[in-house]
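Pasting model_30.cif here (mmCIF, C-alpha atoms):
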data_my_file
#
loop_
_atom_site.label_atom_id
_atom_site.label_comp_id
_atom_site.auth_asym_id
_atom_site.auth_seq_id
_atom_site.Cartn_x
_atom_site.Cartn_y
_atom_site.Cartn_z
CA MET W 15 11.10 -16.74 1.66
CA THR W 16 9.47 -13.91 3.60
CA VAL W 17 11.23 -10.61 4.28
CA ALA W 18 10.42 -8.92 7.60
CA ILE W 19 10.92 -5.40 8.92
CA THR W 20 12.51 -5.62 12.36
CA GLY W 21 13.86 -2.15 13.05
CA LEU W 22 12.69 1.43 12.55
CA GLY W 23 14.56 4.72 12.67
CA ALA W 24 13.58 8.26 11.77
CA ALA W 25 14.66 11.87 12.05
CA THR W 26 11.85 14.23 11.08
CA CYS W 27 10.45 17.62 11.97
CA LEU W 28 8.45 15.80 14.66
CA GLY W 29 11.60 14.61 16.46
CA LEU W 30 14.78 12.58 16.31
CA SER W 31 13.22 9.13 16.59
CA TYR W 32 10.49 7.06 14.99
CA LYS W 33 8.65 7.13 18.31
CA ASP W 34 8.57 10.94 18.13
CA LEU W 35 7.29 10.65 14.56
CA TRP W 36 4.52 8.22 15.49
CA ALA W 37 3.49 10.12 18.62
CA GLY W 38 3.28 13.31 16.59
CA LEU W 39 1.20 11.71 13.86
CA CYS W 40 -1.17 10.17 16.38
CA GLY W 41 -1.48 13.49 18.19
CA GLY W 42 -2.17 15.47 15.02
CA LYS W 43 0.99 17.48 15.62
CA CYS W 44 2.42 19.49 12.75
CA GLY W 45 6.20 19.94 12.54
CA ILE W 46 6.07 22.52 9.76
CA SER W 47 7.26 25.97 10.83
CA ARG W 48 8.90 29.15 9.55
CA ILE W 49 12.33 28.45 8.11
CA THR W 50 15.22 29.19 10.45
CA ALA W 51 18.07 27.59 8.47
CA PHE W 52 18.24 30.68 6.24
CA ASP W 53 16.38 33.96 5.88
CA PRO W 54 13.24 33.06 3.88
CA GLU W 55 11.83 36.59 3.66
CA SER W 56 12.34 36.90 -0.11
CA PHE W 57 10.76 33.52 -0.87
CA GLU W 58 7.10 32.95 -1.69
CA CYS W 59 7.10 29.87 0.54
CA GLN W 60 8.73 30.68 3.87
CA ILE W 61 7.96 27.48 5.75
CA ALA W 62 9.38 23.96 5.91
CA GLY W 63 9.57 20.81 7.98
CA GLN W 64 12.90 21.17 9.85
CA VAL W 65 14.59 18.47 11.94
CA PRO W 66 15.22 19.64 15.54
CA ALA W 67 18.71 20.72 16.58
CA PHE W 68 21.32 18.02 17.19
CA SER W 69 25.08 17.47 17.24
CA ILE W 70 26.17 14.79 14.78
CA ARG W 71 29.21 14.04 16.95
CA ASP W 72 26.80 12.41 19.40
CA TYR W 73 25.82 9.86 16.76
CA VAL W 74 29.16 8.62 15.43
CA PRO W 75 31.89 6.54 17.10
CA LYS W 76 34.72 8.57 18.63
CA SER W 77 37.24 6.94 16.30
CA ILE W 78 35.73 8.58 13.19
CA ARG W 79 34.43 11.89 14.50
CA LYS W 80 36.87 13.75 12.24
CA THR W 81 34.79 12.59 9.28
CA THR W 82 31.85 14.70 10.45
CA LYS W 83 33.58 17.64 8.76
CA LEU W 84 32.75 15.94 5.45
CA MET W 85 29.06 15.38 6.18
CA SER W 86 26.28 17.38 4.61
CA ARG W 87 22.96 17.80 6.40
CA ASP W 88 21.51 14.92 4.35
CA ILE W 89 24.23 12.56 5.57
CA GLU W 90 23.87 13.62 9.18
CA ILE W 91 20.15 13.00 9.49
CA ALA W 92 20.48 9.67 7.66
CA ILE W 93 23.07 8.55 10.21
CA ILE W 94 20.65 9.36 13.05
CA ALA W 95 17.89 7.29 11.45
CA ALA W 96 20.22 4.39 10.66
CA ASN W 97 21.54 4.25 14.23
CA GLU W 98 18.04 4.09 15.64
CA ALA W 99 16.90 1.44 13.17
CA PHE W 100 19.75 -0.89 14.12
CA LYS W 101 19.28 -0.29 17.83
CA ASP W 102 15.56 -0.86 17.50
CA SER W 103 16.15 -4.14 15.66
CA GLY W 104 18.26 -5.50 18.52
CA LEU W 105 21.16 -6.18 16.16
CA LYS W 106 24.64 -5.17 17.32
CA THR W 107 26.92 -3.65 14.72
CA LYS W 108 30.48 -2.41 14.93
CA ALA W 109 29.18 1.05 15.85
CA PHE W 110 27.69 -0.20 19.13
CA ASP W 111 29.82 -3.09 20.35
CA GLU W 112 32.90 -4.22 18.43
CA GLN W 113 33.32 -7.27 20.68
CA ASN W 114 29.78 -8.60 20.37
CA ILE W 115 28.70 -7.99 16.79
CA THR W 116 25.59 -9.97 15.86
CA ILE W 117 25.51 -9.31 12.12
CA ASN W 118 27.66 -10.83 9.40
CA PRO W 119 29.09 -7.69 7.76
CA LYS W 120 29.58 -9.47 4.44
CA ARG W 121 25.91 -10.53 4.45
CA SER W 122 24.61 -7.08 5.42
CA ALA W 123 23.38 -4.73 2.69
CA ILE W 124 22.60 -1.02 2.58
CA ILE W 125 20.28 0.57 0.03
CA LEU W 126 19.36 4.21 0.51
CA GLY W 127 17.41 6.80 -1.41
CA ALA W 128 19.15 10.14 -1.89
CA ASN W 129 19.00 13.14 -4.18
CA SER W 130 21.22 15.88 -5.50
CA ILE W 131 22.56 17.48 -2.33
CA SER W 132 22.46 21.26 -2.45
CA CYS W 133 25.57 22.83 -0.97
CA ASP W 134 25.67 25.46 1.71
CA LEU W 135 25.69 28.79 -0.13
CA LEU W 136 27.90 30.43 2.50
CA GLU W 137 30.45 27.70 1.91
CA ILE W 138 30.68 28.07 -1.86
CA ALA W 139 29.90 31.79 -2.25
CA PRO W 140 33.51 33.07 -1.86
CA SER W 141 34.67 30.74 -4.63
CA ILE W 142 31.80 31.78 -6.90
CA ALA W 143 32.68 35.43 -6.30
CA LYS W 144 36.24 34.77 -7.45
CA GLY W 145 34.82 33.50 -10.73
CA ALA W 146 32.97 36.72 -11.47
CA VAL W 147 33.98 39.29 -14.06
CA ASP W 148 32.14 42.62 -13.99
CA GLY W 149 29.45 41.09 -11.82
CA LYS W 150 28.87 38.08 -14.09
CA PHE W 151 30.01 34.50 -13.58
CA ASP W 152 32.79 33.44 -15.95
CA ILE W 153 33.36 29.70 -16.24
CA ARG W 154 36.92 30.25 -17.46
CA LYS W 155 37.80 32.32 -14.44
CA TRP W 156 36.20 29.64 -12.28
CA GLY W 157 38.59 27.11 -13.81
CA THR W 158 41.66 29.23 -13.18
CA ASP W 159 40.98 31.20 -9.99
CA SER W 160 37.92 29.90 -8.15
CA ILE W 161 38.69 26.21 -8.20
CA GLU W 162 41.88 26.77 -6.24
CA THR W 163 39.85 28.00 -3.26
CA VAL W 164 37.72 24.84 -3.11
CA THR W 165 39.08 22.09 -0.88
CA PRO W 166 39.71 18.83 -2.79
CA LEU W 167 37.44 17.01 -0.34
CA TRP W 168 34.54 19.43 -0.82
CA LEU W 169 32.68 17.21 -3.28
CA LEU W 170 32.58 14.31 -0.81
CA LYS W 171 29.98 16.21 1.21
CA TYR W 172 27.59 16.41 -1.71
CA LEU W 173 27.67 13.11 -3.59
CA PRO W 174 24.34 11.26 -3.12
CA ASN W 175 26.05 7.92 -2.46
CA MET W 176 27.83 9.34 0.59
CA LEU W 177 24.80 8.67 2.81
CA ALA W 178 25.22 4.93 2.29
CA CYS W 179 29.02 5.27 2.32
CA HIS W 180 29.26 6.88 5.78
CA ILE W 181 26.61 4.63 7.31
CA GLY W 182 28.23 1.57 5.77
CA ILE W 183 31.57 2.52 7.34
CA ILE W 184 30.05 3.31 10.75
CA HIS W 185 28.20 -0.01 10.97
CA ASP W 186 30.62 -2.07 8.84
CA LEU W 187 28.11 -3.13 6.20
CA GLN W 188 30.12 -4.97 3.55
CA GLY W 189 27.29 -6.54 1.54
CA PRO W 190 25.48 -5.10 -1.50
CA SER W 191 25.33 -1.31 -1.47
CA ASN W 192 23.34 0.95 -3.73
CA THR W 193 21.94 4.47 -3.87
CA ILE W 194 18.59 5.18 -5.51
CA THR W 195 18.36 8.72 -6.90
CA CYS W 196 14.70 8.90 -7.95
CA ALA W 197 13.77 11.91 -5.83
CA GLU W 198 10.45 11.51 -4.01
CA ALA W 199 10.08 7.84 -5.03
CA ALA W 200 13.58 6.92 -3.87
CA GLY W 201 12.68 5.82 -0.33
CA HIS W 202 10.07 3.34 -1.56
CA LEU W 203 12.37 2.08 -4.31
CA ALA W 204 15.29 1.59 -1.91
CA ILE W 205 13.13 -0.63 0.30
CA CYS W 206 11.97 -2.52 -2.80
CA GLU W 207 15.57 -3.14 -3.85
CA ALA W 208 16.57 -4.29 -0.35
CA PHE W 209 13.60 -6.67 -0.38
CA HIS W 210 14.86 -8.22 -3.62
CA ILE W 211 18.43 -8.51 -2.33
CA ILE W 212 17.31 -10.55 0.66
CA LEU W 213 14.78 -12.51 -1.38
CA ARG W 214 17.42 -13.69 -3.84
CA GLY W 215 19.77 -14.66 -1.03
CA ASP W 216 22.45 -12.00 -1.51
CA ALA W 217 22.12 -10.75 2.09
CA ASP W 218 20.56 -11.77 5.39
CA VAL W 219 20.08 -8.22 6.68
CA ALA W 220 19.58 -4.93 4.87
CA LEU W 221 19.28 -1.32 5.98
CA ALA W 222 17.00 0.57 3.61
CA GLY W 223 15.27 3.92 3.40
CA GLY W 224 16.30 7.40 2.45
CA GLY W 225 17.35 10.83 3.59
CA GLU W 226 17.26 14.34 2.23
CA SER W 227 17.28 17.95 3.36
CA LYS W 228 15.24 20.27 1.19
CA VAL W 229 15.63 23.17 3.62
CA ASN W 230 17.95 25.03 1.31
CA PRO W 231 17.56 28.31 -0.64
CA ILE W 232 18.34 26.65 -3.99
CA VAL W 233 15.78 23.90 -3.43
CA HIS W 234 13.09 26.33 -2.34
CA MET W 235 13.77 28.57 -5.31
CA ARG W 236 13.44 25.63 -7.68
CA GLN W 237 10.17 24.40 -6.16
CA ALA W 238 8.75 27.92 -6.37
CA LEU W 239 9.76 28.27 -10.04
CA LEU W 240 8.16 24.90 -10.79
CA LYS W 241 4.95 26.12 -9.09
CA ARG W 242 5.01 23.16 -6.68
CA ALA W 243 5.37 25.09 -3.41
CA THR W 244 2.46 26.76 -1.64
CA LYS W 245 2.34 30.53 -1.25
CA GLU W 246 -0.38 30.27 1.38
CA HIS W 247 -0.23 30.14 5.18
CA ASN W 248 3.28 31.50 5.77
CA ASN W 249 1.85 32.95 8.96
CA ASN W 250 -0.02 29.76 9.81
CA PRO W 251 2.32 26.88 8.86
CA GLU W 252 0.20 24.18 10.49
CA GLN W 253 -2.56 24.79 7.94
CA ALA W 254 -0.33 25.01 4.86
CA CYS W 255 -0.04 21.48 3.49
CA ARG W 256 -3.47 20.04 2.64
CA PRO W 257 -3.28 16.65 0.89
CA PHE W 258 -6.47 15.72 -1.00
CA ASP W 259 -8.26 18.76 0.42
CA ALA W 260 -10.40 20.96 -1.82
CA ASP W 261 -8.36 23.96 -0.63
CA ALA W 262 -4.94 22.47 -1.41
CA LYS W 263 -2.67 25.21 -2.78
CA GLY W 264 0.68 23.45 -3.11
CA GLY W 265 3.33 21.46 -1.29
CA VAL W 266 5.55 22.24 1.67
CA PHE W 267 9.09 20.90 1.52
CA GLY W 268 11.35 19.84 4.36
CA GLU W 269 13.95 17.40 5.57
CA ALA W 270 13.98 13.95 7.10
CA ALA W 271 15.54 10.54 7.07
CA GLY W 272 13.87 7.19 7.53
CA CYS W 273 15.49 3.77 7.75
CA VAL W 274 14.16 0.26 8.24
CA VAL W 275 15.99 -3.00 8.92
CA LEU W 276 14.87 -5.89 6.75
CA GLU W 277 15.68 -9.54 7.46
CA ASN W 278 14.82 -13.04 6.39
CA LEU W 279 11.71 -13.71 8.50
CA GLU W 280 12.89 -17.09 9.75
CA ILE W 281 16.25 -15.68 10.85
CA ALA W 282 14.43 -12.84 12.61
CA LYS W 283 12.11 -15.24 14.42
CA ASN W 284 14.99 -17.47 15.47
CA ARG W 285 16.59 -14.54 17.31
CA ASN W 286 13.21 -13.51 18.78
CA ALA W 287 13.24 -10.19 16.97
CA LYS W 288 10.26 -7.89 17.03
CA ILE W 289 8.42 -8.17 13.72
CA TYR W 290 6.72 -4.92 12.72
CA ALA W 291 5.50 -6.28 9.39
CA SER W 292 6.63 -8.25 6.40
CA VAL W 293 6.95 -6.98 2.84
CA ALA W 294 4.15 -8.82 1.04
CA GLY W 295 4.46 -7.20 -2.37
CA ILE W 296 6.11 -4.41 -4.31
CA GLY W 297 5.44 -2.64 -7.58
CA GLN W 298 7.22 -0.09 -9.72
CA SER W 299 6.40 1.82 -12.88
CA CYS W 300 7.35 4.84 -14.94
CA SER W 301 4.79 6.83 -16.89
CA ILE W 302 6.37 10.05 -18.05
CA ASN W 303 4.30 13.20 -18.25
CA ALA W 304 5.28 15.71 -20.93
CA ASN W 305 4.92 18.29 -18.17
CA TYR W 306 7.62 16.40 -16.27
CA GLU W 307 7.49 18.31 -12.99
CA PHE W 308 4.02 16.95 -12.18
CA LEU W 309 2.44 13.51 -12.04
CA GLU W 310 0.55 12.66 -15.25
CA ALA W 311 -3.15 13.54 -14.98
CA ASP W 312 -4.49 10.01 -15.45
CA GLY W 313 -2.34 8.54 -12.67
CA LYS W 314 -1.37 5.53 -14.79
CA GLY W 315 2.05 5.20 -13.19
CA ILE W 316 0.50 4.91 -9.73
CA GLN W 317 -2.11 2.50 -11.10
CA TYR W 318 0.49 0.19 -12.62
CA ALA W 319 2.68 0.20 -9.50
CA ILE W 320 -0.25 -0.66 -7.22
CA GLU W 321 -1.47 -3.39 -9.57
CA SER W 322 2.01 -4.91 -9.63
CA ALA W 323 2.25 -4.78 -5.83
CA ILE W 324 -1.13 -6.48 -5.43
CA GLU W 325 -0.14 -9.19 -7.89
CA SER W 326 3.18 -9.63 -6.11
CA ALA W 327 1.43 -9.92 -2.73
CA LYS W 328 -1.13 -12.37 -4.15
CA ILE W 329 -4.04 -10.56 -2.48
CA LYS W 330 -7.22 -8.83 -3.58
CA PRO W 331 -7.82 -5.06 -3.27
CA GLU W 332 -10.51 -5.61 -0.63
CA GLN W 333 -7.92 -7.16 1.69
CA ILE W 334 -6.11 -3.81 2.05
CA ASP W 335 -6.96 -2.13 5.36
CA LEU W 336 -4.92 1.08 5.06
CA ILE W 337 -3.46 3.30 2.36
CA VAL W 338 -0.60 5.68 3.13
CA PRO W 339 -0.46 7.75 -0.08
CA HIS W 340 2.13 10.19 -1.33
CA GLY W 341 -0.35 13.08 -0.97
CA THR W 342 1.71 16.21 -1.67
CA GLY W 343 -1.03 18.83 -1.27
CA ILE W 344 -0.42 19.90 -4.88
CA TYR W 345 -3.99 19.94 -6.20
CA ALA W 346 -3.43 18.37 -9.64
CA GLU W 347 -1.08 15.71 -8.27
CA ASP W 348 -3.53 14.69 -5.55
CA VAL W 349 -6.28 14.29 -8.14
CA ALA W 350 -3.95 12.25 -10.38
CA GLU W 351 -2.80 10.01 -7.52
CA ALA W 352 -6.39 9.42 -6.45
CA ALA W 353 -7.27 8.49 -10.05
CA GLY W 354 -4.47 5.93 -10.11
CA ILE W 355 -5.60 4.46 -6.78
CA HIS W 356 -9.19 4.15 -8.00
CA LYS W 357 -8.17 2.53 -11.29
CA ALA W 358 -5.97 0.00 -9.50
CA LEU W 359 -8.33 -0.88 -6.65
CA GLY W 360 -11.73 -0.41 -8.23
CA SER W 361 -14.86 0.46 -6.25
CA ILE W 362 -13.29 -0.57 -2.93
CA ALA W 363 -10.87 2.40 -3.21
CA SER W 364 -13.45 4.81 -1.81
CA GLN W 365 -13.88 2.68 1.32
CA ILE W 366 -10.31 1.88 2.43
CA PRO W 367 -9.03 4.27 5.15
CA VAL W 368 -6.45 6.71 3.77
CA PHE W 369 -3.88 8.42 6.00
CA PRO W 370 -1.63 11.05 4.33
CA THR W 371 1.34 12.26 6.39
CA LYS W 372 2.83 15.27 4.61
CA SER W 373 0.46 17.76 6.24
CA MET W 374 2.43 17.03 9.42
CA VAL W 375 5.96 16.15 8.22
CA SER W 376 6.15 18.02 4.86
CA ASN W 377 7.46 16.60 1.59
CA THR W 378 10.88 15.26 2.48
CA GLY W 379 11.97 14.09 -0.95
CA SER W 380 14.06 10.93 -0.91
CA ALA W 381 13.06 10.24 2.70
CA ALA W 382 9.31 10.51 2.07
CA GLY W 383 8.66 6.89 1.14
CA ALA W 384 10.63 5.50 4.07
CA VAL W 385 8.85 7.84 6.50
CA ASP W 386 5.50 6.60 5.20
CA VAL W 387 6.54 2.94 5.46
CA ILE W 388 7.57 3.55 9.07
CA ALA W 389 4.18 5.14 9.78
CA ALA W 390 2.47 2.11 8.22
CA CYS W 391 4.58 -0.28 10.30
CA CYS W 392 3.60 1.56 13.48
CA ALA W 393 -0.06 1.51 12.47
CA ILE W 394 0.10 -2.24 11.87
CA ASN W 395 1.97 -2.87 15.09
CA GLU W 396 -0.38 -0.81 17.26
CA GLY W 397 -3.64 -1.37 15.40
CA VAL W 398 -4.20 2.37 15.07
CA ILE W 399 -4.82 4.65 12.10
CA PRO W 400 -4.30 8.30 13.11
CA ALA W 401 -6.61 11.06 11.96
CA ALA W 402 -5.46 13.02 8.93
CA LYS W 403 -4.65 16.70 9.29
CA ASN W 404 -5.80 19.56 7.05
CA CYS W 405 -8.24 17.52 4.99
CA ASP W 406 -11.49 18.90 6.34
CA ASN W 407 -13.11 19.20 2.93
CA VAL W 408 -12.08 16.24 0.78
CA ASN W 409 -11.55 17.17 -2.86
CA LYS W 410 -14.61 15.91 -4.75
CA ASN W 411 -12.32 14.81 -7.58
CA CYS W 412 -10.41 12.46 -5.27
CA LYS W 413 -13.22 10.53 -3.54
CA LEU W 414 -10.92 8.88 -1.03
CA ASN W 415 -11.84 7.77 2.48
CA ILE W 416 -9.56 10.19 4.33
CA VAL W 417 -9.47 9.27 8.03
CA LYS W 418 -11.18 12.08 9.97
CA GLU W 419 -11.00 10.50 13.43
CA GLN W 420 -8.54 7.98 14.82
CA ILE W 421 -9.46 4.36 14.02
CA LYS W 422 -8.52 1.38 16.14
CA LYS W 423 -8.55 -1.86 14.19
CA ARG W 424 -6.38 -4.78 13.16
CA ILE W 425 -4.52 -3.91 9.98
CA ASN W 426 -3.70 -7.01 7.97
CA TYR W 427 -2.38 -5.29 4.85
CA ALA W 428 -1.22 -1.70 4.34
CA LEU W 429 -0.44 -0.08 1.00
CA CYS W 430 2.14 2.71 0.66
CA THR W 431 2.35 4.62 -2.62
CA GLY W 432 4.85 7.09 -3.97
CA TYR W 433 5.76 9.00 -7.11
CA THR W 434 8.01 11.76 -8.28
CA TYR W 435 8.29 14.29 -11.07
CA GLY W 436 9.55 12.54 -14.17
CA GLY W 437 7.06 9.71 -13.77
CA GLN W 438 8.76 7.18 -11.46
CA THR W 439 6.23 5.47 -9.20
CA ALA W 440 6.32 2.76 -6.54
CA ALA W 441 4.02 0.81 -4.25
CA ILE W 442 4.73 -1.39 -1.24
CA ILE W 443 2.26 -3.70 0.50
CA LEU W 444 3.05 -4.58 4.11
CA LYS W 445 1.56 -7.57 5.90
CA ASN W 446 0.77 -8.03 9.58
CA ASP W 447 2.64 -11.17 10.65
CA ASN W 448 1.80 -10.92 14.35
CA GLY W 449 -0.82 -13.62 14.95
#
Conversion result in structure tokens:
Amino acid sequence: MTVAITGLGAATCLGLSYKDLWAGLCGGKCGISRITAFDPESFECQIAGQVPAFSIRDYVPKSIRKTTKLMSRDIEIAIIAANEAFKDSGLKTKAFDEQNITINPKRSAIILGANSISCDLLEIAPSIAKGAVDGKFDIRKWGTDSIETVTPLWLLKYLPNMLACHIGIIHDLQGPSNTITCAEAAGHLAICEAFHIILRGDADVALAGGGESKVNPIVHMRQALLKRATKEHNNNPEQACRPFDADAKGGVFGEAAGCVVLENLEIAKNRNAKIYASVAGIGQSCSINANYEFLEADGKGIQYAIESAIESAKIKPEQIDLIVPHGTGIYAEDVAEAAGIHKALGSIASQIPVFPTKSMVSNTGSAAGAVDVIAACCAINEGVIPAAKNCDNVNKNCKLNIVKEQIKKRINYALCTGYTYGGQTAAIILKNDNG
């Protein structure tokens, strides 16, 4: 059985659709800007990739608009991406037309990547203040006084599985449901899991991807303390994130959601669906670094994941026409990822075109892998590899073929790689099934 990708949806700092994302990437547009969601003045990194303004009430059926009060930012942007992915696939769900549904809800799965959702500080601050004694937080006072000021439904906004929960209700997806909480590798892993679900016959259709908002004071404080966020270019955000560049000084974090619709290829062809690509192979690994917040220096986790994906796809490294890497712009991580790519692919690794995206869309955590898979699908579909941004001087320790000018060519196989702190890695190989 072959599993195809038939629908794309995205909400990123480049716009509220995958078409906005792709147009921005092709145009070399950077969506990273000074943070407006909160006052960043006291932070070392004052920039992020922020999704444009929207009203979530425009994206949910009228009958359940009251539930928007229980939606965090992560949930909202995931809903936008999911809606677009289904619309783009041509499938009709309960959300669009209750009288002409074209999916079998019981055979429709949803697997999404998500992370710990940081709450709005203004929302929880009054309760925290009630738990203070002489200016210090007292857990006992929290249990007696503060907790009474927190609405019983508060937690429902911040559970990672609520992205899949709300989307599943909106579109009536009653098949297998799961949430992958592996941070920056979660989007890739969610698509891998959806692939397996369809492959083993447990669903005909699956919505997969991920969503996360890292535009939050707590998140930015943590990334700064872990020395993962750049301190450079606060006054020139477009130049800040520099994947695989010799002048890379750290990552830039943001928000996004990306969703793809996967189907049995034969079922998709029978309904004349547009086929962006098929999932040819997947790989996963975990190689824990003692310094857990960074990828291990030898890149073994990335190597193993890529090798597994190649074996799964039954192809040779030289058949890969495009690599969309994780590429955070964190110097040591870029070197480690490049090492893993070289070990897995051999000498051909320095020749395959490489297109990193985070210099334009930022590191969007659990959404990152799905955003990259969408970019790869668009590249395959249009036969175009956009030029990379902010990699003018390729790091000599990486030795990758970073695309400097747009390339027009048929892409038969594209490799997407991802990893996260803690050592979880993933790789997905997409195949061009259009002629």
*Taking the file as shown, what set of residues would the PyMOL selection byres ((chain W and resi 97) around 10) give back, as a list in words?*
Leu22, Gly23, Ala24, Ser31, Tyr73, Val74, Ala92, Ile93, Ile94, Ala95, Ala96, Glu98, Ala99, Phe100, Lys101, Asp102, Thr107, Ala109, Phe110, Ile181, Ile184, His185 and Cys273 of chain W
*asked:* Please enumerate the residues selected by the PyMOL selection byres ((chain W and resi 318) around 12) when evaluated against the supplied file, formatted as an MDAnalysis selection string.
replied: chainID W and resid 296:301 312:317 319:325 351 353:359 431:433 437:441
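From CA of Arg236 in chain W back to CA of Ala146 in chain W, the distance works out to 22.8 Å.
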*Where does the PyMOL selection byres ((chain W and resi 400) around 8) land in this file, that is, which residues does it pick, as a list in words?*
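So the PyMOL selection byres ((chain W and resi 400) around 8), applied here, picks out Leu39, Cys40, Gly41, Gly42, Phe369, Val398, Ile399, Ala401, Ala402, Val417, Glu419, Gln420 and Ile421 of chain W.
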*Have a look at W:Leu213, W:Val17, W:Ala139, W:Val368 and name the one nearest to Ala291 in chain W; count all atoms listed in the file.*
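Closest to Ala291 in chain W, using all atoms listed in the file: W:Val17.
Minimum distance to Ser376 in chain W across W:Cys405, W:Ala294, W:Ala143, W:Val266 (counting all atoms listed in the file) occurs at W:Val266.
Comparing the minimum interatomic distances between Pro174 in chain W and each of W:Leu203, W:Met85, W:Cys59, W:Ala243, counting only C-alpha atoms, we find that W:Met85 sits nearest.
The coordinates place CA of Gly223 in chain W at 19.1 Å from CA of Lys106 in chain W.
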